[in-house]
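**Student:** This structure is in structure tokens; I'll ask about it shortly.
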There are 2 protein chains.
Amino acid sequence: MRIALCQLNYHIGDFEQNTAKIIAALNKAKADGAELAVFAELAVCGYPPRDFLEFDDFIARCNAAVNEIAKACVGIAAVVGSPVKNTTGTGKSLFNAALLLEEGKIIHTAHKALLPSYDIFDEYRYFEVGREFSVVEWKGKKIALTVCEDLWQVKGSTMYDVTPMEHLSALKPNLIINIAASPFDVNHAEERKEVLSWNAKHYKVPIIYANHTGAQTELIFDGGSMFVSKNGTILNELPYFEEAQETVDAFPKSDEVLVSTIEPIPPIASIHQALVLGIRDYFGKMGFKSALFGLSGGIDSAVVAVLAAEALGKENVKAILMPSEFSSDHSVDDAVQLANNLGIAYEIIPIKNSYEAMLKTLSPVFGDLPFSLAEENIQARTRGVILMGISNKLGGIVLNTSNKSELAVGYGTLYGDMNGGLSVIGDLYKTQVYALADQLNIEREIIPQNTITKAPSAELRPGQKDSDSLPDYDILDKLIFQYVENRLGPKELLALGFDEALVKRVLKMINTNEYKRHQAPPILRVSAKAFGMGRRLPIVGKYLG
Amino acid sequence: MRIALCQLNYHIGDFEQNTAKIIAALNKAKADGAELAVFAELAVCGYPPRDFLEFDDFIARCNAAVNEIAKACVGIAAVVGSPVKNTTGTGKSLFNAALLLEEGKIIHTAHKALLPSYDIFDEYRYFEVGREFSVVEWKGKKIALTVCEDLWQVKGSTMYDVTPMEHLSALKPNLIINIAASPFDVNHAEERKEVLSWNAKHYKVPIIYANHTGAQTELIFDGGSMFVSKNGTILNELPYFEEAQETVDAFPKSDEVLVSTIEPIPPIASIHQALVLGIRDYFGKMGFKSALFGLSGGIDSAVVAVLAAEALGKENVKAILMPSEFSSDHSVDDAVQLANNLGIAYEIIPIKNSYEAMLKTLSPVFGDLPFSLAEENIQARTRGVILMGISNKLGGIVLNTSNKSELAVGYGTLYGDMNGGLSVIGDLYKTQVYALADQLNIEREIIPQNTITKAPSAELRPGQKDSDSLPDYDILDKLIFQYVENRLGPKELLALGFDEALVKRVLKMINTNEYKRHQAPPILRVSAKAFGMGRRLPIVGKYLG
């Protein structure tokens, strides 16, 4: 049985384009001799559709798309994901379904049983739990359709009170098809392979796995669709971070022949690819072409510049240099050097006059009070107004250049350097930003060495260094990671050897700055716990604050 | 059996204060002759604790609080809500529990069975579904403990696959205790009374109902705790929007004697009270004392000014008037008049010099391009920088003055007039803002009549009126309501009589401005569907865009 793995980049709510892509892939699969083409979870509407699922009209459009795809299934069948109405008379109004389509009809339906409702997932908000398990007999084989999480209760995990594969395995399927919407994080590709391999081996059944690729605002889908033999060996693996399609023999004579597997991508290289895709798809799906950003001569904006130029093309990227009286000479030099290395346009717009006019305007209120955080923030906000002004006047979307360490402790100015349509590196710790800079320089020096080696500074007052107000990033990043990503409490952090006063201070900074992150741009997610839709804390929460 | 209804204002994560409040209320109840004191859902940690629930340390502190309260239960028992560990070995790691405490011990536990996971609720993100139903025999009565939503599958509703009251009713309880975290919306108090009354009558059992009061960022808990007779009559009802405590006779001789019921509060008056509480608690719980905001002479900022002065005290509120060349004369006059009527401080800070300096700074980029949205936004952002500058220099939190109509269609400037720590009227349509202004003026003219009668304008270019770029608010607000709150699609909206071109235009405005709302301040929620945590849409979504 020849089955086409179809890994496409869908756009949430763009039914016309999604349907056209699916039908084109279906026709290509047919031409390749496939009998069945497998698409991703909720392929017809894109993932995650979020509260669009609450609109009857949206569901009607999903149904119409399914019907159109079914009609295109002539001489070939398809498995696609779509929300379907729950007609059982009880529970949430929808199921998250895998549908087998053939010759204009839905010939089999499976409802997702395990509904992830953690981190970025909200599926129980919309869907009822599927409670019936069945296989479909098709072309002499028993096939079980499953949806993503349905295969993830493995190796003694007990998050759900049912393990779909136990029920399905009892029905003796010859093949498991799993359609997924499994977003990237830096460790997830390996985890995914382990889980699928474990299932195949444990239940002695081959698995066809089709994932999304492409980014939907914060979430980046890396693809990595695959075919796993019943021995747990990955025989076919589709490329990462791009659309791809491959027809596999689902019942090969020998199942240990690796046909098209992929070398594992090193973590920092996968982050690089993920962020480029994240930028490209945000702009593409929003209908934007060009980007601008403040280029300070520091490491954060340098890394964003390189990623943006790669994602959008150097001709679509503009750097704005906005030096102040507190900027060091090398800042402008380093920024110009980088812009020249990249071949991107830049403008130098000193903020002195605007900043001073703002201070003069405020002088009746500020009086003789000493220079403080207020003046620092006015510099950052003046730059924010300049960037947004250029965006409004000439077009182009402002990219935010904050990193995860800053966002965690609130070391940034709301409505200033926190501005932007998209945060590119907001899920990278400062130490990871350095690692990524080295990676981007691996073939030639794009980011000037001085940008990498100088001590980080916001340059908002004379001689300022990040280390004046923050612990060393080596320690800070580890502490943030343990608190934010591993959710360790104070006692557990002390047990890991962190200093007590430091733990208290940093946890307080993290928790009392929730209000800033609430108004941050969407952040491209590359870790298992990013600031954004997957981390939800109360602003007025008093815990450890 | 004398039972104390205890309606308290908790603070999320402030274990020390929550525990102290509960114990103080417990002691007062004992002094009142109560045998049992009933507190709200998740009272020990406040509601909603959100992802704090993922921290083991947070759960340990909840347990410690429960133990401390149990120890204080000497000669009196208590029902309190707390997260508890799920020890069944399967499912999510926590239950949302109602605990009966007496003489240092937990003598009975009930797990919430219906976990709301819609709008602002995310309970299935954290909690496992309670599947066991039991009553506790206590002082000769069979009592069933339930948690909030457990009573809300009524009158043929089928959202959940189980109806806890059917199971509990079979156990013949003499009394139902329902501990709740039921936030205010303008129609919710009536709905809540109907649901409780329906349950009591349908299952022929009296109900003790204890809710939260007080605000937690967006969510405002109105209280309205009550005692409902088995005939469905509300015999006791606690006041709204304040802490209160009352001891009731749970098994009165005659059950038709209304003891302490409350006159229904008219909708606009309840919105008024809710917003005042929302402001007061945001400041109180964040540890802030004073507020500032831009006062334009228009209706939105006028209403915010009155609410802020009422919530925080006129001495803690400062209005900043920031006229430009496009401001009409009456704008400053109306704003000054309002400030004087309220007795609040104000500053007049013209933006001309800063605005012009900004334009001059940008002139190398702007060149000879005509005046456009860019210059309008620079005015709004200059004001934003001024407000934040004053906040940073002198203290005081900036209140946002955007309304729901503007937020819906994106008629506002990101990092400009969309700034603020809290959006006060962001869940009020423009037409509701006018209604609230009339309400605030009911005893004497606080808001100048001219502010109410003049045509709304952003005053960002000569002679500008809202009606230049927006439909009449009478129509616009109805359309937004039907789309955002009732989730009607284009066909359904046409069937209601809305103009086709208007529907297309407004829906597109709503959907393409998701990116702006993503960065908006938290909005005090007074409707069943507010922008904010209860409405989650994809930014890159293409639907109707």
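Ordering of the structure tokens sets the chain letters (A, B, ...); residue numbers start at 1 within each chain; ligands are numbered from 1 in the order shown.
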Can you list, as a VMD selection string, every protein, DNA or RNA residue that comes within 8 Å of segment 344-360 of chain A when you count only C-alpha atoms, leaving out same-chain residues fewer than 2 positions away?

**Tutor:** (chain A and resid 309 314 to 315 317 to 325 336 339 to 340 342 362 to 364 375 378 to 379 382 to 383) or (chain B and resid 353 to 354 357 to 358 361 to 362 386)

**Student:** Only N, CA and C atoms, please: the residues just picked out, written as a PDB file, in the first residue's frame.

**Tutor:**
ATOM      1  N   ALA A 309      17.117  39.487   7.695  1.00  0.00           N
ATOM      2  CA  ALA A 309      17.628  39.570   6.320  1.00  0.00           C
ATOM      3  C   ALA A 309      17.514  38.211   5.633  1.00  0.00           C
ATOM      4  N   LYS A 314      17.473  40.713   1.959  1.00  0.00           N
ATOM      5  CA  LYS A 314      18.154  41.905   2.477  1.00  0.00           C
ATOM      6  C   LYS A 314      17.518  43.186   1.971  1.00  0.00           C
ATOM      7  N   GLU A 315      16.886  43.109   0.813  1.00  0.00           N
ATOM      8  CA  GLU A 315      16.268  44.320   0.245  1.00  0.00           C
ATOM      9  C   GLU A 315      14.985  44.707   0.978  1.00  0.00           C
ATOM     10  N   VAL A 317      14.650  44.713   4.383  1.00  0.00           N
ATOM     11  CA  VAL A 317      14.991  44.919   5.783  1.00  0.00           C
ATOM     12  C   VAL A 317      15.726  46.245   5.929  1.00  0.00           C
ATOM     13  N   LYS A 318      15.286  47.029   6.900  1.00  0.00           N
ATOM     14  CA  LYS A 318      15.956  48.309   7.123  1.00  0.00           C
ATOM     15  C   LYS A 318      16.311  48.468   8.603  1.00  0.00           C
ATOM     16  N   ALA A 319      17.553  48.842   8.856  1.00  0.00           N
ATOM     17  CA  ALA A 319      18.013  49.058  10.227  1.00  0.00           C
ATOM     18  C   ALA A 319      17.954  50.545  10.539  1.00  0.00           C
ATOM     19  N   ILE A 320      17.478  50.865  11.728  1.00  0.00           N
ATOM     20  CA  ILE A 320      17.449  52.266  12.165  1.00  0.00           C
ATOM     21  C   ILE A 320      18.408  52.405  13.344  1.00  0.00           C
ATOM     22  N   LEU A 321      19.419  53.209  13.148  1.00  0.00           N
ATOM     23  CA  LEU A 321      20.387  53.471  14.217  1.00  0.00           C
ATOM     24  C   LEU A 321      19.969  54.753  14.915  1.00  0.00           C
ATOM     25  N   MET A 322      19.770  54.698  16.213  1.00  0.00           N
ATOM     26  CA  MET A 322      19.259  55.855  16.940  1.00  0.00           C
ATOM     27  C   MET A 322      20.156  56.190  18.122  1.00  0.00           C
ATOM     28  N   PRO A 323      21.353  56.672  17.829  1.00  0.00           N
ATOM     29  CA  PRO A 323      22.293  56.939  18.919  1.00  0.00           C
ATOM     30  C   PRO A 323      21.843  58.107  19.791  1.00  0.00           C
ATOM     31  N   SER A 324      22.289  58.094  21.030  1.00  0.00           N
ATOM     32  CA  SER A 324      22.034  59.193  21.963  1.00  0.00           C
ATOM     33  C   SER A 324      23.371  59.666  22.509  1.00  0.00           C
ATOM     34  N   GLU A 325      23.315  60.645  23.387  1.00  0.00           N
ATOM     35  CA  GLU A 325      24.543  61.116  24.023  1.00  0.00           C
ATOM     36  C   GLU A 325      25.228  60.026  24.844  1.00  0.00           C
ATOM     37  N   VAL A 336      26.836  49.934  11.855  1.00  0.00           N
ATOM     38  CA  VAL A 336      27.068  50.208  10.427  1.00  0.00           C
ATOM     39  C   VAL A 336      27.819  49.042   9.787  1.00  0.00           C
ATOM     40  N   ALA A 339      25.349  46.268   9.186  1.00  0.00           N
ATOM     41  CA  ALA A 339      24.461  46.578   8.069  1.00  0.00           C
ATOM     42  C   ALA A 339      25.203  46.394   6.743  1.00  0.00           C
ATOM     43  N   ASN A 340      26.443  46.837   6.713  1.00  0.00           N
ATOM     44  CA  ASN A 340      27.232  46.674   5.488  1.00  0.00           C
ATOM     45  C   ASN A 340      27.531  45.202   5.212  1.00  0.00           C
ATOM     46  N   LEU A 342      25.725  42.752   5.970  1.00  0.00           N
ATOM     47  CA  LEU A 342      24.484  42.114   5.510  1.00  0.00           C
ATOM     48  C   LEU A 342      24.008  42.680   4.182  1.00  0.00           C
ATOM     49  N   LEU A 362       8.401  68.136  29.671  1.00  0.00           N
ATOM     50  CA  LEU A 362       8.084  67.578  30.990  1.00  0.00           C
ATOM     51  C   LEU A 362       8.688  68.381  32.141  1.00  0.00           C
ATOM     52  N   SER A 363       9.493  69.389  31.819  1.00  0.00           N
ATOM     53  CA  SER A 363      10.208  70.099  32.897  1.00  0.00           C
ATOM     54  C   SER A 363       9.289  70.745  33.940  1.00  0.00           C
ATOM     55  N   PRO A 364       8.083  71.226  33.560  1.00  0.00           N
ATOM     56  CA  PRO A 364       7.210  71.758  34.614  1.00  0.00           C
ATOM     57  C   PRO A 364       6.851  70.696  35.659  1.00  0.00           C
ATOM     58  N   GLU A 375      14.091  59.208  32.776  1.00  0.00           N
ATOM     59  CA  GLU A 375      14.841  59.686  31.615  1.00  0.00           C
ATOM     60  C   GLU A 375      15.347  58.525  30.752  1.00  0.00           C
ATOM     61  N   ILE A 378      12.469  57.430  28.740  1.00  0.00           N
ATOM     62  CA  ILE A 378      12.104  58.391  27.689  1.00  0.00           C
ATOM     63  C   ILE A 378      12.995  58.204  26.460  1.00  0.00           C
ATOM     64  N   GLN A 379      14.247  57.882  26.694  1.00  0.00           N
ATOM     65  CA  GLN A 379      15.110  57.577  25.539  1.00  0.00           C
ATOM     66  C   GLN A 379      14.572  56.360  24.769  1.00  0.00           C
ATOM     67  N   THR A 382      11.378  57.283  23.032  1.00  0.00           N
ATOM     68  CA  THR A 382      11.606  58.146  21.862  1.00  0.00           C
ATOM     69  C   THR A 382      11.995  57.282  20.667  1.00  0.00           C
ATOM     70  N   ARG A 383      12.859  56.318  20.928  1.00  0.00           N
ATOM     71  CA  ARG A 383      13.226  55.397  19.840  1.00  0.00           C
ATOM     72  C   ARG A 383      12.011  54.609  19.354  1.00  0.00           C
TER      73      ARG A 383
ATOM     74  N   ASN B 353       5.768  71.244  21.161  1.00  0.00           N
ATOM     75  CA  ASN B 353       7.221  71.243  20.976  1.00  0.00           C
ATOM     76  C   ASN B 353       7.776  69.834  20.795  1.00  0.00           C
ATOM     77  N   SER B 354       7.290  68.921  21.607  1.00  0.00           N
ATOM     78  CA  SER B 354       7.783  67.543  21.483  1.00  0.00           C
ATOM     79  C   SER B 354       7.365  66.933  20.153  1.00  0.00           C
ATOM     80  N   ALA B 357       9.456  68.460  17.430  1.00  0.00           N
ATOM     81  CA  ALA B 357      10.831  67.945  17.477  1.00  0.00           C
ATOM     82  C   ALA B 357      10.890  66.541  16.891  1.00  0.00           C
ATOM     83  N   MET B 358       9.857  65.765  17.198  1.00  0.00           N
ATOM     84  CA  MET B 358       9.805  64.398  16.671  1.00  0.00           C
ATOM     85  C   MET B 358       9.698  64.416  15.145  1.00  0.00           C
ATOM     86  N   THR B 361      13.041  65.378  13.754  1.00  0.00           N
ATOM     87  CA  THR B 361      13.952  64.222  13.840  1.00  0.00           C
ATOM     88  C   THR B 361      13.685  63.244  12.699  1.00  0.00           C
ATOM     89  N   LEU B 362      12.400  63.088  12.372  1.00  0.00           N
ATOM     90  CA  LEU B 362      12.022  62.112  11.340  1.00  0.00           C
ATOM     91  C   LEU B 362      12.064  62.694   9.932  1.00  0.00           C
ATOM     92  N   ILE B 386       4.713  61.134  27.479  1.00  0.00           N
ATOM     93  CA  ILE B 386       4.547  62.105  28.575  1.00  0.00           C
ATOM     94  C   ILE B 386       3.913  61.435  29.797  1.00  0.00           C
TER      95      ILE B 386
END

**Student:** Using only C-alpha atoms, find which residues of chain A lie within 6 Å of chain B and jot them down as an MDAnalysis selection string.

**Tutor:** chainID A and resid 12:14 50:51 55 57 90:92 117:118 125 158:161 217 285:286 354 357:358 374 389 392:393 415 487 489 519:520 536:537 540:543

**Student:** Would you save the residues of that selection, restricted to C-alpha atoms, as a tab-separated table (two decimals), in the first residue's frame?

**Tutor:**
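That gives us again-v6.tsv:
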chain	number	residue	atom	x	y	z
A	12	ILE	CA	-5.27	29.56	9.90
A	13	GLY	CA	-8.68	30.41	8.48
A	14	ASP	CA	-7.52	30.64	4.86
A	50	ARG	CA	-8.44	29.05	18.72
A	51	ASP	CA	-11.78	30.83	19.31
A	55	PHE	CA	-18.18	30.49	15.22
A	57	ASP	CA	-19.80	29.94	10.25
A	90	THR	CA	-23.73	15.55	25.24
A	91	GLY	CA	-20.46	17.37	25.84
A	92	LYS	CA	-18.67	20.15	23.97
A	117	SER	CA	-4.82	21.37	27.64
A	118	TYR	CA	-1.51	22.65	28.94
A	125	ARG	CA	-11.83	24.55	25.51
A	158	THR	CA	-0.80	8.97	33.46
A	159	MET	CA	-2.01	12.42	32.44
A	160	TYR	CA	-5.17	10.96	30.89
A	161	ASP	CA	-7.44	8.28	32.24
A	217	THR	CA	2.34	33.73	14.97
A	285	LYS	CA	0.59	35.33	6.50
A	286	MET	CA	-0.02	38.91	7.68
A	354	SER	CA	13.49	64.70	20.36
A	357	ALA	CA	12.32	68.40	23.61
A	358	MET	CA	10.50	65.73	25.57
A	374	ALA	CA	12.21	58.11	33.87
A	389	GLY	CA	6.63	56.58	12.85
A	392	ASN	CA	3.44	54.10	9.70
A	393	LYS	CA	4.87	56.45	7.10
A	415	TYR	CA	6.23	51.19	24.85
A	487	ARG	CA	8.70	25.45	37.83
A	489	GLY	CA	10.14	26.75	44.01
A	519	GLN	CA	1.73	43.83	26.76
A	520	ALA	CA	4.70	42.29	24.97
A	536	ARG	CA	-0.48	32.32	31.98
A	537	LEU	CA	0.09	34.09	35.24
A	540	VAL	CA	-2.02	40.91	40.54
A	541	GLY	CA	-0.64	37.59	41.86
A	542	LYS	CA	1.26	38.03	45.09
A	543	TYR	CA	3.17	34.74	45.05

**Student:** When you look at segment 70-82 of chain A with a cut-off of 9 Å (counting only C-alpha atoms), what residues show up, excluding the ones that are within fewer than 2 positions of it in the same chain? I need them as a CSV table (one decimal) with C-alpha atoms, in the first residue's frame.

**Tutor:**
chain,number,residue,atom,x,y,z
A,22,ILE,CA,-4.4,19.9,-0.1
A,23,ILE,CA,-5.9,19.1,-3.5
A,26,LEU,CA,-3.5,14.9,-3.5
A,27,ASN,CA,-3.1,15.1,-7.2
A,29,ALA,CA,0.4,11.9,-4.7
A,30,LYS,CA,-1.9,10.2,-7.2
A,34,ALA,CA,-0.1,6.7,-4.0
A,35,GLU,CA,-3.4,5.1,-3.0
A,36,LEU,CA,-3.8,7.3,0.1
A,37,ALA,CA,-2.5,10.8,1.0
A,38,VAL,CA,-2.2,11.8,4.6
A,39,PHE,CA,-2.5,15.4,5.8
A,40,ALA,CA,-2.2,17.0,9.2
A,41,GLU,CA,-4.5,17.6,12.2
A,42,LEU,CA,-7.0,20.4,11.5
A,43,ALA,CA,-5.4,20.8,8.1
A,44,VAL,CA,-8.5,22.3,6.6
A,45,CYS,CA,-8.5,25.3,8.9
A,59,ILE,CA,-17.2,25.3,11.3
A,62,CYS,CA,-14.4,23.6,7.5
A,63,ASN,CA,-17.2,21.2,6.5
A,65,ALA,CA,-13.6,22.3,2.7
A,66,VAL,CA,-13.8,18.7,3.7
A,67,ASN,CA,-16.5,18.1,1.1
A,68,GLU,CA,-14.5,19.8,-1.6
A,84,VAL,CA,-16.7,18.1,13.2
A,95,PHE,CA,-14.8,16.8,18.0
A,96,ASN,CA,-11.2,17.1,16.7
A,97,ALA,CA,-11.4,14.5,13.9
A,98,ALA,CA,-9.4,12.5,11.5
A,99,LEU,CA,-11.5,11.8,8.4
A,100,LEU,CA,-10.9,9.2,5.7
A,101,LEU,CA,-12.2,10.6,2.5
A,102,GLU,CA,-12.8,8.6,-0.8
A,103,GLU,CA,-14.8,9.3,-3.9
A,104,GLY,CA,-16.7,12.2,-2.5
A,105,LYS,CA,-17.5,10.7,0.8
A,106,ILE,CA,-16.3,10.5,4.4
A,145,LEU,CA,-6.8,6.8,12.6
A,147,VAL,CA,-4.9,12.4,16.2
A,177,ILE,CA,-2.1,6.8,11.0
A,179,ILE,CA,-2.2,13.2,12.0
A,180,ALA,CA,-0.6,15.9,14.1

**Student:** In Å, rounded to a single decimal, give me how far atom CA of Ile69 of chain B is from atom CA of Ala24 of chain B.

**Tutor:**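 Here the two named atoms are 10.1 Å from each other.
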
**Student:** Report, in Å with one decimal, the straight-line distance from atom CA of Val135 of chain B to atom CA of Glu190 of chain B.

**Tutor:**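 Atom-to-atom, atom CA of Val135 of chain B and atom CA of Glu190 of chain B are spaced 28.4 Å apart.
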
**Student:** May I ask for the distance between atom CA of Lys508 of chain A and atom CA of Leu479 of chain A, given in Å to one decimal place?

**Tutor:**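 Distance between the two atoms: 12.4 Å.
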
**Student:** Neighbours of Ala408 of chain A within 10 Å (only C-alpha atoms; same-chain residues fewer than 5 positions away dropped), as a ChimeraX atom specification?

**Tutor:** /A:403,426-427,429,476-477,480-481,484,506-507,509-514,516-517,531

**Student:** Nearest to Ala302 of chain A: which of A:Val398, A:Ile447, A:Ala170, A:Met1 is it, counting only C-alpha atoms?

**Tutor:** A:Ile447

**Student:** Extract, using only C-alpha atoms, all DNA, RNA and protein residues at most 8 Å from segment 240-243 of chain A, discarding same-chain residues fewer than 5 positions from it, and format them as a list in words.

**Tutor:**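 Counting only C-alpha atoms, the residues come to Gln7, Leu8, Asn9, Thr213, Gly214, Phe221, Asp222, Gly223, Gly224, Gln273, Ala274 and Leu277 of chain A.
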
**Student:** Can you list, as number ranges by chain, every protein, DNA or RNA residue that comes within 8 Å of Ile268 of chain B when you count only C-alpha atoms, leaving out same-chain residues fewer than 2 positions away?

**Tutor:** B: 266, 270-272, 435-436, 439

**Student:** May I have the residues from that selection written out with C-alpha atoms, as an mmCIF file, in the first residue's frame?

**Tutor:**
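This is the output file out06.cif:
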data_model
loop_
_atom_site.group_PDB
_atom_site.id
_atom_site.type_symbol
_atom_site.label_atom_id
_atom_site.label_comp_id
_atom_site.auth_asym_id
_atom_site.auth_seq_id
_atom_site.Cartn_x
_atom_site.Cartn_y
_atom_site.Cartn_z
ATOM 1 C CA PRO B 266 -29.856 48.132 37.544
ATOM 2 C CA SER B 270 -23.830 47.474 38.613
ATOM 3 C CA ILE B 271 -21.265 48.285 35.916
ATOM 4 C CA HIS B 272 -20.444 51.462 37.803
ATOM 5 C CA ALA B 435 -24.997 55.678 29.432
ATOM 6 C CA LEU B 436 -22.465 55.420 32.240
ATOM 7 C CA GLN B 439 -25.387 57.565 35.454
#

**Student:** Residues of segment 76-120 of chain A classed as strand (DSSP E or B) by DSSP on the backbone are to be reported as number ranges by chain.

**Tutor:** A: 77-85, 94-102, 105-111
